[in-house]
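These notes concern the structure reproduced below.
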Amino acid sequence: MIYFDDIKKSRERIKKYIYNTPLDYSMYLSRSDTNTSVYLKLECQQKLKGFKIRGALSKLASLAEDEKAKGVFAVSSGNHGAGVSYAAKILGGIKAKVYVPETIPMSKLEKIKYYGAEVITVGNNYDEAHAAALEAIKKEDLIFVDPCSDVEVIAGQGTIAMEILETNPDIDTIIAPIGGGGLITGISVAAKHLKPSIKIIGVQTAACPAMKKAMEDRICYTEFPSQPSICDALIGGVGEIPYMMSQQCIDDILIVEEEKIKEAVLFLIEKEKVMAEPAGAVGVAAIMTNYDLFEDRNVAVIISGGNLDYSLLKSIIL
């Protein structure tokens, strides 16, 4: 379980290493006739262009010296691995090993390598890389930095909600993408503590609605089949902690189609001048698809990452 106190402690650990990212008003998504105000929480402008650095720093900064001496390992579709690699470097040169699938975008792979982590490429998707990593770690004495089911990691992601409500206390709805579920869990714990009436809405791609199905079926799908998707960060199963807390943390989950996600990526570039990777744009896709659900609301949309591959951008534009 995650508690607000965990998030407050995490904030103290990481505040000197991260940005308090902008909460920008969107004149294009807001509408005066329905009294709807929409704000973009630009985690795509965070260090390394993604929110994952918060959780990685939170976890590694919490380690005892003997744990740091062992080193750490992670499994990632990209942004989490980059965060772990960066955190390991700036917190004293901790040895880091990151397992990634063969489908990892080059922009994310380059960041993991740049900050010094050893990269092991295995599997056709996140779930396959995850399974390979857990098998390999049986032979190594490293600290696992789970991207979505670790108390300190989730607490780090929850610091986003503290920033949102400090910047604009009138926010009454937060929209967040869901992959493994760590981001929305941390955000919800913080936001509902600070403002119990707030609504927390998750968004998943129709290609892999793992958390929605898990909540419907009351089964923790730690692995989940996926159709082809441009949202590499939202593919795979859900974490155990996010699943266990989902009923109290998530008020609703909206499913968006891949074509609408592409439209959202282009909308953010053209209108908002914001570079978002597809997984970071799903919240905007959800508003564009379900605008009536947000009438008379003050909405904060988490733009969770900005590591958009050039080749993917070209394919979306063309």
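Numbering starts fresh at 1 for the residues of each chain in the structure tokens, the chains themselves are lettered A, B, ... in the order given, and ligands are numbered from 1 as they appear.
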
Neighbours of Met162 (chain A) within 10 Å (only C-alpha atoms; same-chain residues fewer than 6 positions away dropped), as an MDAnalysis selection string?
chainID A and resid 7:8 11 169 187 190:191 193:194

Residue neighbourhood Val189 (chain A), 12 Å, only C-alpha atoms, exclusion window fewer than 3 positions, as a PyMOL selection string
chain A and resi 1-8+151+154-162+182-186+192-196+198-200+242+245-250

I need the chosen residues saved as a short mmCIF file (atom, residue, chain, number, x, y, z; two decimals), in the first residue's frame, with N, CA and C atoms.
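The file below, result_1.cif, is the result:
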```cif
data_model
loop_
_atom_site.label_atom_id
_atom_site.label_comp_id
_atom_site.auth_asym_id
_atom_site.auth_seq_id
_atom_site.Cartn_x
_atom_site.Cartn_y
_atom_site.Cartn_z
N MET A 1 0.83 -1.20 0.00
CA MET A 1 0.00 0.00 0.00
C MET A 1 0.88 1.26 0.00
N ILE A 2 0.36 2.31 -0.61
CA ILE A 2 1.05 3.59 -0.67
C ILE A 2 0.25 4.60 0.15
N TYR A 3 0.97 5.40 0.93
CA TYR A 3 0.33 6.41 1.76
C TYR A 3 0.87 7.79 1.42
N PHE A 4 0.11 8.82 1.76
CA PHE A 4 0.53 10.18 1.44
C PHE A 4 1.88 10.51 2.08
N ASP A 5 2.12 9.96 3.25
CA ASP A 5 3.41 10.21 3.91
C ASP A 5 4.57 9.70 3.07
N ASP A 6 4.37 8.59 2.36
CA ASP A 6 5.42 8.07 1.46
C ASP A 6 5.74 9.10 0.38
N ILE A 7 4.70 9.77 -0.12
CA ILE A 7 4.89 10.73 -1.21
C ILE A 7 5.57 11.99 -0.70
N LYS A 8 5.20 12.44 0.49
CA LYS A 8 5.88 13.61 1.08
C LYS A 8 7.36 13.33 1.29
N VAL A 151 6.96 0.74 -3.72
CA VAL A 151 6.44 1.84 -2.90
C VAL A 151 7.16 3.15 -3.20
N ILE A 154 6.43 4.46 -6.87
CA ILE A 154 5.08 5.01 -6.99
C ILE A 154 4.97 6.33 -6.23
N ALA A 155 5.61 6.40 -5.08
CA ALA A 155 5.59 7.64 -4.30
C ALA A 155 6.22 8.78 -5.09
N GLY A 156 7.29 8.48 -5.82
CA GLY A 156 7.92 9.51 -6.64
C GLY A 156 6.99 10.05 -7.70
N GLN A 157 6.24 9.15 -8.33
CA GLN A 157 5.30 9.61 -9.35
C GLN A 157 4.18 10.46 -8.73
N GLY A 158 3.83 10.16 -7.49
CA GLY A 158 2.76 10.90 -6.82
C GLY A 158 3.07 12.36 -6.57
N THR A 159 4.35 12.72 -6.61
CA THR A 159 4.71 14.12 -6.40
C THR A 159 4.14 15.03 -7.48
N ILE A 160 3.79 14.46 -8.62
CA ILE A 160 3.18 15.25 -9.70
C ILE A 160 1.87 15.86 -9.22
N ALA A 161 1.07 15.10 -8.49
CA ALA A 161 -0.23 15.59 -8.03
C ALA A 161 -0.06 16.72 -7.02
N MET A 162 0.96 16.63 -6.18
CA MET A 162 1.21 17.70 -5.23
C MET A 162 1.49 19.01 -5.97
N GLY A 182 1.59 2.47 -12.03
CA GLY A 182 2.29 3.19 -10.97
C GLY A 182 2.00 4.68 -10.95
N LEU A 183 1.95 5.30 -12.13
CA LEU A 183 1.73 6.74 -12.22
C LEU A 183 0.37 7.12 -11.64
N ILE A 184 -0.69 6.48 -12.10
CA ILE A 184 -2.02 6.88 -11.65
C ILE A 184 -2.23 6.55 -10.17
N THR A 185 -1.58 5.51 -9.68
CA THR A 185 -1.71 5.16 -8.26
C THR A 185 -1.09 6.23 -7.38
N GLY A 186 0.14 6.63 -7.71
CA GLY A 186 0.80 7.68 -6.92
C GLY A 186 0.05 8.99 -6.99
N LYS A 192 -6.11 12.58 -3.76
CA LYS A 192 -7.29 12.31 -2.94
C LYS A 192 -7.04 12.62 -1.47
N HIS A 193 -5.78 12.59 -1.04
CA HIS A 193 -5.46 13.05 0.32
C HIS A 193 -5.63 14.56 0.43
N LEU A 194 -5.12 15.27 -0.55
CA LEU A 194 -5.17 16.73 -0.53
C LEU A 194 -6.56 17.27 -0.85
N LYS A 195 -7.30 16.53 -1.69
CA LYS A 195 -8.63 16.99 -2.12
C LYS A 195 -9.52 15.76 -2.34
N PRO A 196 -10.17 15.27 -1.31
CA PRO A 196 -10.92 14.01 -1.40
C PRO A 196 -11.98 13.97 -2.49
N ILE A 198 -11.72 15.01 -5.54
CA ILE A 198 -11.15 15.02 -6.88
C ILE A 198 -11.41 13.68 -7.59
N LYS A 199 -11.57 13.74 -8.91
CA LYS A 199 -11.76 12.55 -9.73
C LYS A 199 -10.47 12.21 -10.46
N ILE A 200 -10.12 10.93 -10.44
CA ILE A 200 -8.90 10.47 -11.11
C ILE A 200 -9.32 9.52 -12.24
N PRO A 242 -0.54 -1.40 -7.89
CA PRO A 242 -1.60 -0.64 -8.57
C PRO A 242 -2.91 -1.41 -8.70
N MET A 245 -4.75 -1.48 -5.36
CA MET A 245 -5.27 -0.18 -4.96
C MET A 245 -6.20 0.45 -6.00
N SER A 246 -6.43 -0.25 -7.09
CA SER A 246 -7.15 0.36 -8.22
C SER A 246 -8.58 0.77 -7.87
N GLN A 247 -9.28 -0.04 -7.10
CA GLN A 247 -10.68 0.29 -6.80
C GLN A 247 -10.81 1.58 -6.01
N GLN A 248 -9.83 1.88 -5.16
CA GLN A 248 -9.88 3.10 -4.37
C GLN A 248 -9.20 4.27 -5.06
N CYS A 249 -8.36 3.99 -6.04
CA CYS A 249 -7.57 5.05 -6.67
C CYS A 249 -8.15 5.55 -7.99
N ILE A 250 -8.80 4.68 -8.73
CA ILE A 250 -9.22 5.02 -10.10
C ILE A 250 -10.73 5.14 -10.16
#
```

Option closest in space to Ser197 (chain A), from A:Gly305, A:Val75, A:Gly116, A:Asp172 [counting only C-alpha atoms]:
A:Asp172

Would you tabulate, counting only C-alpha atoms, all residues of region 37-84 of chain A that have an atom at most 7 Å from an atom of region 95-110 of chain A, showing the closest pair of atoms and their distance in Å to one decimal, sorted by chain then ascending number, as a tab-separated table?
```
residue	atom	partner	partner_atom	distance
A:Gly71	CA	A:Lys95	CA	4.5
A:Val72	CA	A:Ala96	CA	4.9
A:Phe73	CA	A:Lys97	CA	4.6
A:Ala74	CA	A:Val98	CA	4.8
A:Val75	CA	A:Tyr99	CA	4.6
A:Ser76	CA	A:Val100	CA	5.3
A:Ser77	CA	A:Ile104	CA	5.7
A:Gly78	CA	A:Lys108	CA	4.9
A:Asn79	CA	A:Lys108	CA	6.3
A:Gly81	CA	A:Val98	CA	6.0
A:Ala82	CA	A:Lys108	CA	6.9
```

Restrict the selected residues to N, CA and C atoms and save them as a PDB file, in the first residue's frame.
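Writing the result to again.pdb gives the following:
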```
ATOM      1  N   GLY A  71      24.234  -2.587  -6.531  1.00  0.00           N
ATOM      2  CA  GLY A  71      23.802  -2.180  -7.858  1.00  0.00           C
ATOM      3  C   GLY A  71      22.318  -2.443  -8.051  1.00  0.00           C
ATOM      4  N   VAL A  72      21.771  -1.943  -9.142  1.00  0.00           N
ATOM      5  CA  VAL A  72      20.333  -2.041  -9.396  1.00  0.00           C
ATOM      6  C   VAL A  72      20.071  -2.590 -10.793  1.00  0.00           C
ATOM      7  N   PHE A  73      18.866  -3.128 -10.969  1.00  0.00           N
ATOM      8  CA  PHE A  73      18.461  -3.506 -12.318  1.00  0.00           C
ATOM      9  C   PHE A  73      17.000  -3.151 -12.516  1.00  0.00           C
ATOM     10  N   ALA A  74      16.645  -2.970 -13.776  1.00  0.00           N
ATOM     11  CA  ALA A  74      15.283  -2.568 -14.117  1.00  0.00           C
ATOM     12  C   ALA A  74      14.880  -3.200 -15.433  1.00  0.00           C
ATOM     13  N   VAL A  75      13.565  -3.234 -15.659  1.00  0.00           N
ATOM     14  CA  VAL A  75      13.004  -3.625 -16.948  1.00  0.00           C
ATOM     15  C   VAL A  75      12.216  -2.428 -17.456  1.00  0.00           C
ATOM     16  N   SER A  76      12.354  -2.129 -18.736  1.00  0.00           N
ATOM     17  CA  SER A  76      11.752  -0.886 -19.215  1.00  0.00           C
ATOM     18  C   SER A  76      11.474  -0.930 -20.702  1.00  0.00           C
ATOM     19  N   SER A  77      10.400  -0.219 -21.093  1.00  0.00           N
ATOM     20  CA  SER A  77      10.163   0.030 -22.511  1.00  0.00           C
ATOM     21  C   SER A  77      10.882   1.296 -22.950  1.00  0.00           C
ATOM     22  N   GLY A  78      11.558   1.981 -22.003  1.00  0.00           N
ATOM     23  CA  GLY A  78      12.351   3.144 -22.368  1.00  0.00           C
ATOM     24  C   GLY A  78      12.543   4.179 -21.290  1.00  0.00           C
ATOM     25  N   ASN A  79      11.488   4.876 -20.906  1.00  0.00           N
ATOM     26  CA  ASN A  79      11.624   6.024 -20.007  1.00  0.00           C
ATOM     27  C   ASN A  79      12.053   5.634 -18.598  1.00  0.00           C
ATOM     28  N   GLY A  81      13.841   3.026 -17.781  1.00  0.00           N
ATOM     29  CA  GLY A  81      15.250   2.643 -17.871  1.00  0.00           C
ATOM     30  C   GLY A  81      16.162   3.847 -17.931  1.00  0.00           C
ATOM     31  N   ALA A  82      15.748   4.875 -18.676  1.00  0.00           N
ATOM     32  CA  ALA A  82      16.540   6.103 -18.739  1.00  0.00           C
ATOM     33  C   ALA A  82      16.600   6.766 -17.374  1.00  0.00           C
TER      34      ALA A  82
END
```

Mind the document's chain letters and residue numbers, and return as a count of residues only the residues of region 8-247 of chain A that DSSP labels alpha helix (DSSP H).
102

Can you list every residue in region 53-230 of chain A that DSSP puts in strand (DSSP E or B), as an MDAnalysis selection string?
chainID A and resid 72:75 96:100 118:121 143:144 173:177 199:205

If we count only C-alpha atoms and set the cut-off at 9 Å, which residues sit around region 13-16 of chain A, ignoring sequence neighbours fewer than 4 positions away in its own chain? Please answer as a ChimeraX atom specification.
/A:8-9,20,54-55,57-58,61-62,156

Can you write out the residues you just picked, keeping C-alpha atoms, as a CSV table (one decimal), in the first residue's frame?
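Generated output (selection_22.csv):
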```csv
chain,number,residue,atom,x,y,z
A,8,LYS,CA,5.9,13.6,1.1
A,9,LYS,CA,9.1,11.8,2.0
A,20,ASN,CA,8.5,21.5,-11.1
A,54,ARG,CA,10.8,10.9,-10.4
A,55,GLY,CA,10.2,7.3,-9.3
A,57,LEU,CA,15.3,8.9,-8.2
A,58,SER,CA,12.9,8.3,-5.3
A,61,ALA,CA,17.8,7.8,-3.2
A,62,SER,CA,16.1,5.7,-0.6
A,156,GLY,CA,7.9,9.5,-6.6
```

Between A:Tyr114, A:Tyr291, A:Tyr221, A:Tyr310, which is the closest to Leu254 (chain A) once you count only C-alpha atoms?
A:Tyr291

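Between Ser149 (chain A) and the candidates A:Ser311, A:Gln45, A:Asn298, A:Thr222, the tightest atom-to-atom separation, counting only C-alpha atoms, involves A:Thr222.
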
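Using only C-alpha atoms, the smallest distance between any of A:Ala56, A:Met215, A:Ala133, A:Ile174 and His80 (chain A) comes from A:Ala56.
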
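For Ala276 (chain A), the set of protein, DNA and RNA residues having any atom at most 10 Å away, when counting only C-alpha atoms and skipping those fewer than 3 positions along the same chain, is A:Leu42, A:Glu43, A:Cys44, A:Gln45, A:Lys49, A:Gly50, A:Ala264, A:Val265, A:Leu266, A:Phe267, A:Leu268, A:Ile269, A:Lys273, A:Ala279, A:Gly280, A:Ala281, A:Val282, A:Ile303, A:Ser304, A:Gly305, A:Gly306, A:Asn307, A:Leu308.
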
Rank nothing, just name the residue among A:Cys148, A:Leu40, A:Ile253, A:Leu48 nearest to Glu240 (chain A), using only C-alpha atoms.
A:Cys148
